file model-v6.cif (mmCIF, C-alpha atoms)
data_protein
#
loop_
_atom_site.group_PDB
_atom_site.id
_atom_site.type_symbol
_atom_site.label_atom_id
_atom_site.label_comp_id
_atom_site.auth_asym_id
_atom_site.auth_seq_id
_atom_site.Cartn_x
_atom_site.Cartn_y
_atom_site.Cartn_z
ATOM 1 C CA MET A 25 -3.207 -8.743 28.266
ATOM 2 C CA ARG A 26 -3.490 -9.915 31.793
ATOM 3 C CA SER A 27 -4.597 -13.535 31.458
ATOM 4 C CA THR A 28 -3.604 -14.431 27.903
ATOM 5 C CA THR A 29 -0.159 -15.097 26.551
ATOM 6 C CA LEU A 30 1.416 -13.070 23.783
ATOM 7 C CA LEU A 31 1.240 -16.150 21.599
ATOM 8 C CA SER A 32 -2.527 -16.321 22.081
ATOM 9 C CA LYS A 33 -2.846 -12.657 21.160
ATOM 10 C CA LYS A 34 -0.969 -13.238 17.933
ATOM 11 C CA ALA A 35 -3.073 -16.317 17.264
ATOM 12 C CA MET A 36 -6.215 -14.254 17.661
ATOM 13 C CA ALA A 37 -5.010 -11.593 15.252
ATOM 14 C CA ALA A 38 -3.980 -14.169 12.680
ATOM 15 C CA LEU A 39 -7.041 -16.381 12.875
ATOM 16 C CA LEU A 40 -9.657 -13.671 13.037
ATOM 17 C CA ALA A 41 -8.011 -11.849 10.183
ATOM 18 C CA ALA A 42 -8.108 -14.998 8.103
ATOM 19 C CA ALA A 43 -11.797 -14.555 7.510
ATOM 20 C CA THR A 44 -12.722 -11.081 8.597
ATOM 21 C CA VAL A 45 -10.218 -10.462 9.996
ATOM 22 C CA GLY A 46 -10.036 1.616 -6.036
ATOM 23 C CA GLY A 47 -7.335 2.804 -8.990
ATOM 24 C CA VAL A 48 -4.027 1.048 -9.120
ATOM 25 C CA SER A 49 -1.321 1.540 -6.505
ATOM 26 C CA GLY A 50 -0.546 5.209 -6.243
ATOM 27 C CA PHE A 51 -4.155 6.468 -6.281
ATOM 28 C CA ALA A 52 -4.235 10.136 -7.231
ATOM 29 C CA PRO A 53 -7.704 11.711 -7.041
ATOM 30 C CA ALA A 54 -8.398 14.943 -8.828
ATOM 31 C CA ALA A 55 -7.407 18.160 -7.080
ATOM 32 C CA THR A 56 -4.557 16.743 -4.996
ATOM 33 C CA ALA A 57 -1.837 18.607 -6.848
ATOM 34 C CA SER A 58 -3.508 21.885 -5.932
ATOM 35 C CA ALA A 59 -5.982 22.710 -3.191
ATOM 36 C CA PRO A 60 -9.340 20.959 -3.698
ATOM 37 C CA ALA A 61 -12.616 22.839 -3.799
ATOM 38 C CA TYR A 62 -13.618 24.159 -0.397
ATOM 39 C CA GLY A 63 -16.796 25.062 1.398
ATOM 40 C CA LEU A 64 -19.207 22.446 -0.006
ATOM 41 C CA THR A 65 -22.090 21.451 2.215
ATOM 42 C CA THR A 66 -23.714 18.082 2.759
ATOM 43 C CA ALA A 67 -27.348 17.388 1.942
ATOM 44 C CA GLY A 68 -29.973 17.402 4.660
ATOM 45 C CA GLY A 69 -30.823 14.453 6.887
ATOM 46 C CA GLY A 70 -27.233 13.285 7.185
ATOM 47 C CA HIS A 71 -27.050 12.215 3.513
ATOM 48 C CA THR A 72 -23.945 13.255 1.616
ATOM 49 C CA SER A 73 -24.104 13.542 -2.168
ATOM 50 C CA PRO A 74 -21.718 11.503 -4.345
ATOM 51 C CA PHE A 75 -20.173 14.773 -5.533
ATOM 52 C CA THR A 76 -19.404 15.814 -1.959
ATOM 53 C CA GLN A 77 -18.080 12.351 -1.105
ATOM 54 C CA GLU A 78 -15.635 12.542 -4.015
ATOM 55 C CA ARG A 79 -14.590 16.011 -2.864
ATOM 56 C CA ASN A 80 -14.048 14.680 0.669
ATOM 57 C CA LYS A 81 -11.909 11.819 -0.655
ATOM 58 C CA ALA A 82 -9.734 14.255 -2.583
ATOM 59 C CA VAL A 83 -9.362 16.500 0.475
ATOM 60 C CA ALA A 84 -8.394 13.609 2.763
ATOM 61 C CA VAL A 85 -5.651 12.417 0.397
ATOM 62 C CA HIS A 86 -4.496 15.979 -0.271
ATOM 63 C CA VAL A 87 -4.166 16.717 3.456
ATOM 64 C CA LEU A 88 -2.257 13.500 4.201
ATOM 65 C CA ARG A 89 0.195 14.016 1.348
ATOM 66 C CA GLN A 90 0.714 17.712 1.945
ATOM 67 C CA LEU A 91 1.291 17.269 5.675
ATOM 68 C CA PHE A 92 3.446 14.150 5.694
ATOM 69 C CA GLU A 93 5.281 14.541 2.379
ATOM 70 C CA GLU A 94 5.596 18.316 2.098
ATOM 71 C CA GLY A 95 5.269 19.507 5.695
ATOM 72 C CA ASN A 96 2.716 22.028 4.456
ATOM 73 C CA LEU A 97 1.006 23.274 7.637
ATOM 74 C CA ALA A 98 -1.265 25.635 5.685
ATOM 75 C CA VAL A 99 -3.478 22.689 4.713
ATOM 76 C CA ALA A 100 -4.145 22.048 8.403
ATOM 77 C CA ASP A 101 -5.389 25.604 8.851
ATOM 78 C CA ARG A 102 -7.571 25.309 5.756
ATOM 79 C CA TYR A 103 -9.071 21.847 6.169
ATOM 80 C CA ILE A 104 -8.804 20.765 9.839
ATOM 81 C CA ARG A 105 -11.075 22.120 12.542
ATOM 82 C CA SER A 106 -9.414 23.786 15.517
ATOM 83 C CA ASP A 107 -11.294 21.382 17.842
ATOM 84 C CA TYR A 108 -10.295 18.302 15.786
ATOM 85 C CA ILE A 109 -11.161 15.132 17.726
ATOM 86 C CA GLN A 110 -8.277 12.660 17.748
ATOM 87 C CA HIS A 111 -8.475 8.901 18.397
ATOM 88 C CA ASN A 112 -4.837 8.089 17.647
ATOM 89 C CA PRO A 113 -3.551 7.244 21.145
ATOM 90 C CA ALA A 114 -0.233 9.001 20.484
ATOM 91 C CA ALA A 115 -1.778 12.380 19.652
ATOM 92 C CA PRO A 116 -3.748 14.998 21.622
ATOM 93 C CA ASP A 117 -6.898 16.645 20.299
ATOM 94 C CA GLY A 118 -6.824 19.804 18.220
ATOM 95 C CA ARG A 119 -5.383 21.240 15.013
ATOM 96 C CA GLU A 120 -2.336 22.734 16.731
ATOM 97 C CA ALA A 121 -1.318 19.302 18.022
ATOM 98 C CA ILE A 122 -1.294 18.024 14.426
ATOM 99 C CA LYS A 123 0.866 20.913 13.297
ATOM 100 C CA ASN A 124 3.332 20.395 16.145
ATOM 101 C CA PHE A 125 3.545 16.704 15.314
ATOM 102 C CA ILE A 126 4.183 17.369 11.622
ATOM 103 C CA ARG A 127 7.004 19.811 12.415
ATOM 104 C CA VAL A 128 8.830 17.060 14.302
ATOM 105 C CA TRP A 129 7.886 14.285 11.872
ATOM 106 C CA THR A 130 9.067 15.961 8.683
ATOM 107 C CA ALA A 131 12.340 16.908 10.349
ATOM 108 C CA MET A 132 12.899 13.241 11.224
ATOM 109 C CA TYR A 133 11.642 11.775 7.936
ATOM 110 C CA PRO A 134 12.120 14.305 5.113
ATOM 111 C CA ASP A 135 11.655 11.617 2.426
ATOM 112 C CA HIS A 136 8.430 10.168 3.827
ATOM 113 C CA ARG A 137 5.890 9.027 1.199
ATOM 114 C CA TYR A 138 2.293 8.161 2.090
ATOM 115 C CA ASN A 139 1.580 5.746 -0.821
ATOM 116 C CA VAL A 140 -2.220 5.760 -0.864
ATOM 117 C CA LYS A 141 -3.685 2.474 -2.112
ATOM 118 C CA ARG A 142 -7.480 2.736 -1.880
ATOM 119 C CA VAL A 143 -9.979 5.358 -0.737
ATOM 120 C CA LEU A 144 -13.639 4.885 0.230
ATOM 121 C CA ALA A 145 -16.339 7.371 1.157
ATOM 122 C CA GLN A 146 -19.774 6.874 2.637
ATOM 123 C CA GLY A 147 -21.856 9.572 4.277
ATOM 124 C CA ASP A 148 -19.545 11.928 6.137
ATOM 125 C CA LEU A 149 -16.743 9.334 6.500
ATOM 126 C CA VAL A 150 -13.670 8.820 4.311
ATOM 127 C CA LEU A 151 -11.361 5.813 4.720
ATOM 128 C CA VAL A 152 -7.813 5.849 3.329
ATOM 129 C CA HIS A 153 -5.792 2.604 3.146
ATOM 130 C CA SER A 154 -2.097 3.354 2.663
ATOM 131 C CA ASN A 155 1.482 2.092 2.825
ATOM 132 C CA PRO A 156 3.448 4.990 4.345
ATOM 133 C CA VAL A 157 7.190 4.538 3.940
ATOM 134 C CA TYR A 158 9.168 6.711 6.325
ATOM 135 C CA GLU A 159 12.598 6.126 4.790
ATOM 136 C CA PRO A 160 13.494 4.990 1.243
ATOM 137 C CA GLY A 161 14.278 1.296 0.987
ATOM 138 C CA THR A 162 12.136 0.246 3.957
ATOM 139 C CA ARG A 163 8.832 -1.640 3.844
ATOM 140 C CA GLY A 164 6.964 0.917 5.914
ATOM 141 C CA VAL A 165 3.621 0.309 7.590
ATOM 142 C CA ALA A 166 0.030 -0.485 6.697
ATOM 143 C CA VAL A 167 -2.305 2.287 7.835
ATOM 144 C CA VAL A 168 -6.032 2.868 7.703
ATOM 145 C CA ASP A 169 -7.055 6.471 8.392
ATOM 146 C CA ILE A 170 -10.747 7.234 8.901
ATOM 147 C CA PHE A 171 -11.881 10.863 8.792
ATOM 148 C CA ARG A 172 -15.245 12.395 9.640
ATOM 149 C CA PHE A 173 -16.093 15.593 7.771
ATOM 150 C CA ASP A 174 -18.396 18.256 9.162
ATOM 151 C CA LYS A 175 -21.095 19.988 7.078
ATOM 152 C CA ARG A 176 -18.648 22.718 6.041
ATOM 153 C CA GLY A 177 -16.282 20.159 4.533
ATOM 154 C CA MET A 178 -13.730 20.391 7.355
ATOM 155 C CA LEU A 179 -11.946 17.422 8.938
ATOM 156 C CA ALA A 180 -13.606 17.068 12.344
ATOM 157 C CA GLU A 181 -12.533 13.665 13.685
ATOM 158 C CA HIS A 182 -9.903 10.995 13.015
ATOM 159 C CA TRP A 183 -9.337 7.332 13.812
ATOM 160 C CA ASP A 184 -6.420 5.197 12.608
ATOM 161 C CA THR A 185 -4.924 1.729 12.872
ATOM 162 C CA VAL A 186 -1.249 1.002 12.122
ATOM 163 C CA GLN A 187 0.712 -2.233 11.543
ATOM 164 C CA ASP A 188 4.281 -2.954 10.440
ATOM 165 C CA VAL A 189 4.633 -4.530 6.993
ATOM 166 C CA PRO A 190 6.499 -7.869 7.237
ATOM 167 C CA ALA A 191 9.166 -9.127 4.881
ATOM 168 C CA THR A 192 7.085 -12.079 3.641
ATOM 169 C CA THR A 193 3.481 -13.303 3.582
ATOM 170 C CA VAL A 194 2.069 -16.820 3.772
ATOM 171 C CA SER A 195 -0.229 -16.314 0.771
ATOM 172 C CA GLY A 196 2.368 -14.615 -1.399
ATOM 173 C CA ASN A 197 0.077 -11.583 -1.713
ATOM 174 C CA ASP A 198 1.351 -8.301 -0.343
ATOM 175 C CA MET A 199 -0.774 -6.318 2.137
ATOM 176 C CA PHE A 200 -2.064 -3.824 -0.459
ATOM 177 C CA SER A 201 -2.522 -5.142 -4.002
ATOM 178 C CA THR A 202 -5.792 -6.274 -5.573
ATOM 179 C CA VAL A 203 -5.613 -9.740 -7.119
ATOM 180 C CA SER A 204 -9.317 -10.526 -7.720
ATOM 181 C CA HIS A 205 -10.883 -9.534 -11.045
ATOM 182 C CA PRO A 206 -10.901 -6.744 -12.069
ATOM 183 C CA ARG A 207 -7.499 -5.963 -10.609
ATOM 184 C CA THR A 208 -8.140 -2.399 -9.591
ATOM 185 C CA ASN A 209 -7.805 -0.755 -6.185
ATOM 186 C CA GLN A 210 -10.688 1.609 -6.927
ATOM 187 C CA PRO A 211 -14.149 0.664 -5.638
ATOM 188 C CA GLY A 212 -16.799 -0.287 -8.160
ATOM 189 C CA PRO A 213 -19.947 1.705 -8.977
ATOM 190 C CA ARG A 214 -21.659 3.280 -5.971
ATOM 191 C CA TRP A 215 -24.939 1.486 -6.679
ATOM 192 C CA LYS A 216 -23.259 -1.750 -5.555
ATOM 193 C CA ALA A 217 -22.515 -0.421 -2.055
ATOM 194 C CA ALA A 218 -25.734 -1.464 -0.323
ATOM 195 C CA ALA A 219 -25.551 -5.085 -1.467
ATOM 196 C CA SER A 220 -21.808 -5.287 -0.768
ATOM 197 C CA GLN A 221 -22.299 -3.861 2.711
ATOM 198 C CA TRP A 222 -25.066 -6.335 3.461
ATOM 199 C CA VAL A 223 -22.859 -9.298 2.536
ATOM 200 C CA ALA A 224 -19.773 -8.083 4.404
ATOM 201 C CA VAL A 225 -21.633 -7.084 7.578
ATOM 202 C CA ALA A 226 -23.733 -10.256 7.594
ATOM 203 C CA TYR A 227 -20.565 -12.317 7.309
ATOM 204 C CA PHE A 228 -18.747 -10.325 9.979
ATOM 205 C CA ASP A 229 -21.629 -10.346 12.467
ATOM 206 C CA THR A 230 -22.541 -13.993 11.929
ATOM 207 C CA LEU A 231 -18.963 -15.140 12.391
ATOM 208 C CA LEU A 232 -17.624 -12.856 15.099
ATOM 209 C CA ILE A 233 -20.613 -11.584 17.032
ATOM 210 C CA ASP A 234 -22.766 -14.713 16.799
ATOM 211 C CA LYS A 235 -19.637 -16.935 16.794
ATOM 212 C CA ASN A 236 -21.104 -19.106 14.071
ATOM 213 C CA PRO A 237 -18.435 -20.808 11.914
ATOM 214 C CA ASP A 238 -21.026 -21.505 9.207
ATOM 215 C CA ALA A 239 -20.522 -17.853 8.239
ATOM 216 C CA VAL A 240 -17.679 -19.013 5.999
ATOM 217 C CA GLY A 241 -20.432 -19.792 3.504
ATOM 218 C CA PHE A 242 -20.288 -16.086 2.654
ATOM 219 C CA LEU A 243 -16.750 -16.588 1.263
ATOM 220 C CA ALA A 244 -15.900 -17.424 -2.319
ATOM 221 C CA PRO A 245 -13.826 -20.623 -2.593
ATOM 222 C CA GLU A 246 -10.806 -18.712 -3.928
ATOM 223 C CA TYR A 247 -10.973 -16.001 -1.182
ATOM 224 C CA HIS A 248 -7.777 -13.993 -1.768
ATOM 225 C CA GLN A 249 -6.005 -13.181 1.476
ATOM 226 C CA HIS A 250 -3.699 -10.222 2.241
ATOM 227 C CA ASN A 251 -3.229 -10.786 5.962
ATOM 228 C CA PRO A 252 0.471 -11.726 6.032
ATOM 229 C CA ASN A 253 -0.024 -14.737 8.321
ATOM 230 C CA ILE A 254 -2.864 -16.536 6.527
ATOM 231 C CA PRO A 255 -3.047 -18.522 3.272
ATOM 232 C CA SER A 256 -5.632 -17.761 0.624
ATOM 233 C CA GLY A 257 -8.735 -19.904 0.174
ATOM 234 C CA SER A 258 -11.769 -20.678 2.318
ATOM 235 C CA ALA A 259 -11.184 -24.413 2.729
ATOM 236 C CA GLY A 260 -10.788 -25.490 6.336
ATOM 237 C CA LEU A 261 -11.801 -22.184 7.898
ATOM 238 C CA ARG A 262 -14.996 -23.590 9.435
ATOM 239 C CA GLU A 263 -13.001 -26.122 11.445
ATOM 240 C CA GLN A 264 -10.401 -23.520 12.455
ATOM 241 C CA PHE A 265 -13.029 -21.131 13.749
ATOM 242 C CA THR A 266 -14.917 -23.859 15.572
ATOM 243 C CA ALA A 267 -11.740 -24.700 17.486
ATOM 244 C CA PHE A 268 -10.929 -21.039 18.047
ATOM 245 C CA PHE A 269 -14.318 -20.218 19.571
ATOM 246 C CA GLN A 270 -13.974 -23.235 21.859
ATOM 247 C CA GLN A 271 -10.551 -22.001 22.983
ATOM 248 C CA PHE A 272 -11.746 -18.413 23.547
ATOM 249 C CA PRO A 273 -15.419 -18.612 24.541
ATOM 250 C CA GLN A 274 -15.347 -15.078 25.994
ATOM 251 C CA LEU A 275 -14.297 -13.481 22.710
ATOM 252 C CA ILE A 276 -15.912 -10.053 22.276
ATOM 253 C CA VAL A 277 -15.961 -8.287 18.906
ATOM 254 C CA GLU A 278 -17.709 -4.924 18.720
ATOM 255 C CA ARG A 279 -18.369 -3.429 15.305
ATOM 256 C CA LYS A 280 -17.813 0.342 15.531
ATOM 257 C CA ARG A 281 -18.225 1.789 12.047
ATOM 258 C CA VAL A 282 -18.632 0.694 8.446
ATOM 259 C CA VAL A 283 -17.540 2.487 5.279
ATOM 260 C CA ALA A 284 -18.802 0.978 2.025
ATOM 261 C CA GLU A 285 -18.343 2.151 -1.533
ATOM 262 C CA GLY A 286 -19.058 0.064 -4.589
ATOM 263 C CA ASP A 287 -17.757 -3.476 -4.074
ATOM 264 C CA ILE A 288 -15.427 -2.627 -1.155
ATOM 265 C CA VAL A 289 -16.530 -2.592 2.486
ATOM 266 C CA ALA A 290 -14.392 -1.638 5.499
ATOM 267 C CA ILE A 291 -15.355 -2.524 9.067
ATOM 268 C CA HIS A 292 -13.616 -0.928 12.046
ATOM 269 C CA ALA A 293 -14.004 -3.039 15.173
ATOM 270 C CA HIS A 294 -12.695 -3.661 18.687
ATOM 271 C CA TYR A 295 -11.531 -7.254 19.217
ATOM 272 C CA ARG A 296 -11.054 -8.635 22.745
ATOM 273 C CA LEU A 297 -10.365 -12.182 23.907
ATOM 274 C CA ASN A 298 -12.168 -11.554 27.198
ATOM 275 C CA PRO A 299 -13.741 -8.638 29.125
ATOM 276 C CA ASP A 300 -10.427 -7.750 30.814
ATOM 277 C CA ASP A 301 -8.442 -7.536 27.582
ATOM 278 C CA ARG A 302 -7.659 -4.083 26.142
ATOM 279 C CA GLY A 303 -7.725 -5.875 22.831
ATOM 280 C CA GLN A 304 -6.963 -4.647 19.350
ATOM 281 C CA SER A 305 -8.191 -2.082 16.902
ATOM 282 C CA VAL A 306 -8.832 -3.910 13.634
ATOM 283 C CA VAL A 307 -9.932 -2.628 10.250
ATOM 284 C CA ASP A 308 -11.062 -5.408 7.928
ATOM 285 C CA ILE A 309 -11.540 -4.519 4.262
ATOM 286 C CA PHE A 310 -13.597 -6.857 2.069
ATOM 287 C CA ARG A 311 -14.215 -7.042 -1.650
ATOM 288 C CA VAL A 312 -17.592 -8.515 -2.604
ATOM 289 C CA ARG A 313 -18.483 -10.018 -5.971
ATOM 290 C CA ASP A 314 -21.635 -11.954 -6.928
ATOM 291 C CA GLY A 315 -22.794 -12.057 -3.314
ATOM 292 C CA LYS A 316 -19.558 -13.539 -1.954
ATOM 293 C CA VAL A 317 -16.493 -12.111 -0.221
ATOM 294 C CA VAL A 318 -13.648 -12.624 -2.695
ATOM 295 C CA GLU A 319 -10.765 -10.671 -1.135
ATOM 296 C CA HIS A 320 -9.648 -9.403 2.259
ATOM 297 C CA TRP A 321 -7.134 -6.897 3.598
ATOM 298 C CA ASP A 322 -6.670 -5.846 7.215
ATOM 299 C CA VAL A 323 -4.683 -3.694 9.611
ATOM 300 C CA VAL A 324 -4.332 -4.728 13.272
ATOM 301 C CA GLN A 325 -3.003 -2.676 16.206
ATOM 302 C CA ASP A 326 -2.870 -3.428 19.935
ATOM 303 C CA VAL A 327 -4.792 -0.970 22.090
ATOM 304 C CA PRO A 328 -2.194 0.677 24.374
ATOM 305 C CA ALA A 329 -2.510 1.089 28.123
ATOM 306 C CA THR A 330 -2.348 4.883 27.937
ATOM 307 C CA SER A 331 -3.394 7.571 25.478
ATOM 308 C CA ALA A 332 -2.615 11.219 24.806
ATOM 309 C CA ASN A 333 -6.368 11.872 24.496
ATOM 310 C CA ASP A 334 -9.507 10.688 26.309
ATOM 311 C CA ASN A 335 -11.393 9.466 23.259
ATOM 312 C CA THR A 336 -10.295 5.793 23.004
ATOM 313 C CA MET A 337 -9.319 4.305 19.639
ATOM 314 C CA PHE A 338 -12.997 3.750 18.784
#
call {"tool": "encode", "arguments": {"input": "model-v6.cif", "output": "structure tokens"}}
result
Amino acid sequence: MRSTTLLSKKAMAALLAAATVGGVSGFAPAATASAPAYGLTTAGGGHTSPFTQERNKAVAVHVLRQLFEEGNLAVADRYIRSDYIQHNPAAPDGREAIKNFIRVWTAMYPDHRYNVKRVLAQGDLVLVHSNPVYEPGTRGVAVVDIFRFDKRGMLAEHWDTVQDVPATTVSGNDMFSTVSHPRTNQPGPRWKAAASQWVAVAYFDTLLIDKNPDAVGFLAPEYHQHNPNIPSGSAGLREQFTAFFQQFPQLIVERKRVVAEGDIVAIHAHYRLNPDDRGQSVVDIFRVRDGKVVEHWDVVQDVPATSANDNTMF
């Protein structure tokens, strides 16, 4: 960042994540041990059936585990389009680039485990929240992968955000567990998605786009926090955000995509302190219950100066 100190950048990530910013750990959808069903098509008009969304979730997890844990390049040929669009700034476009990367990666980290925590699907998008551990005994990283599937059920596009997992957290909650009732990482029934999405997006937009601290009224008093730098609870957040918006009046937050399933809503956004800031890629994940946001996870990554592709992180 040109005009803002590193301390201010960290302050932004911490404060924004305080408010904005599934099965149990080890989610294992059906058909991951062997190749999932292939060749399903989506319904017309851009709608994707629940059956196809579940299939897409299983494929996304299967591909991640087979590539990164087994080094199985055959899954890339079967499930990834040759013209795969890549938004990870370290990777070029295309299926062959993925295969070349995996050859190097599995040689470096033969014991890598992806540790999938929660998976959401909406429309043609699948979001996977994970704790990849490259080497046994290390904490690993927090990762959100977002995949877009084409109408043939192939992986067509990919975004991700990556953050190191720290040794401790202020709240005492790790970056992945679910502590609100019921304590499951799996999303609730799909019929809840529309209402959950409305609450999460209204909160996000009111707070960060409108810069209105009264948005904290969307939070439950207990508000369980998994950002490692922020305590749980909603008390005091209105005052903190009022001061923050005064300090950074040029703050720009652009919501890029939303994936909602059941009671869990993920928002991928570009956060910038001012128009000249490259900013950060942030994925905020909210759990909604009884019309209030009760729990929050996030992954935050600085946008680099250069990229191996021309697609941006968004």
call {"tool": "resolve_selection", "arguments": {"input": "model-v6.cif", "expression": "the PyMOL selection byres ((chain A and resi 321) around 9)", "output": "number ranges by chain"}}
result
A: 41, 44-45, 199-200, 248-251, 307-311, 319-320, 322-323
call {"tool": "closest_residue", "arguments": {"input": "model-v6.cif", "among": "A:His71, A:Arg214, A:Arg127, A:His205", "to": "Ile288 in chain A", "atoms": "all atoms listed in the file"}}
result
A:Arg214
call {"tool": "atom_distance", "arguments": {"input": "model-v6.cif", "atom1": "CA of Leu232 in chain A", "atom2": "CA of Ser154 in chain A"}}
result
25.7 Å
call {"tool": "residues_around", "arguments": {"input": "model-v6.cif", "residues": "Gln110 in chain A", "least_positions_apart": "6", "cutoff": "8 Å", "atoms": "all atoms listed in the file", "output": "PyMOL selection string"}}
result
chain A and resi 116-118+181-183+333+335
call {"tool": "resolve_selection", "arguments": {"input": "model-v6.cif", "expression": "the PyMOL selection byres ((chain A and resi 229) around 12)", "output": "number ranges by chain"}}
result
A: 43-45, 221-228, 230-240, 242, 276-280, 291, 293
call {"tool": "closest_residue", "arguments": {"input": "model-v6.cif", "among": "A:Ser201, A:Val167, A:Arg176, A:Val186", "to": "Pro113 in chain A", "atoms": "all atoms listed in the file"}}
result
A:Val186
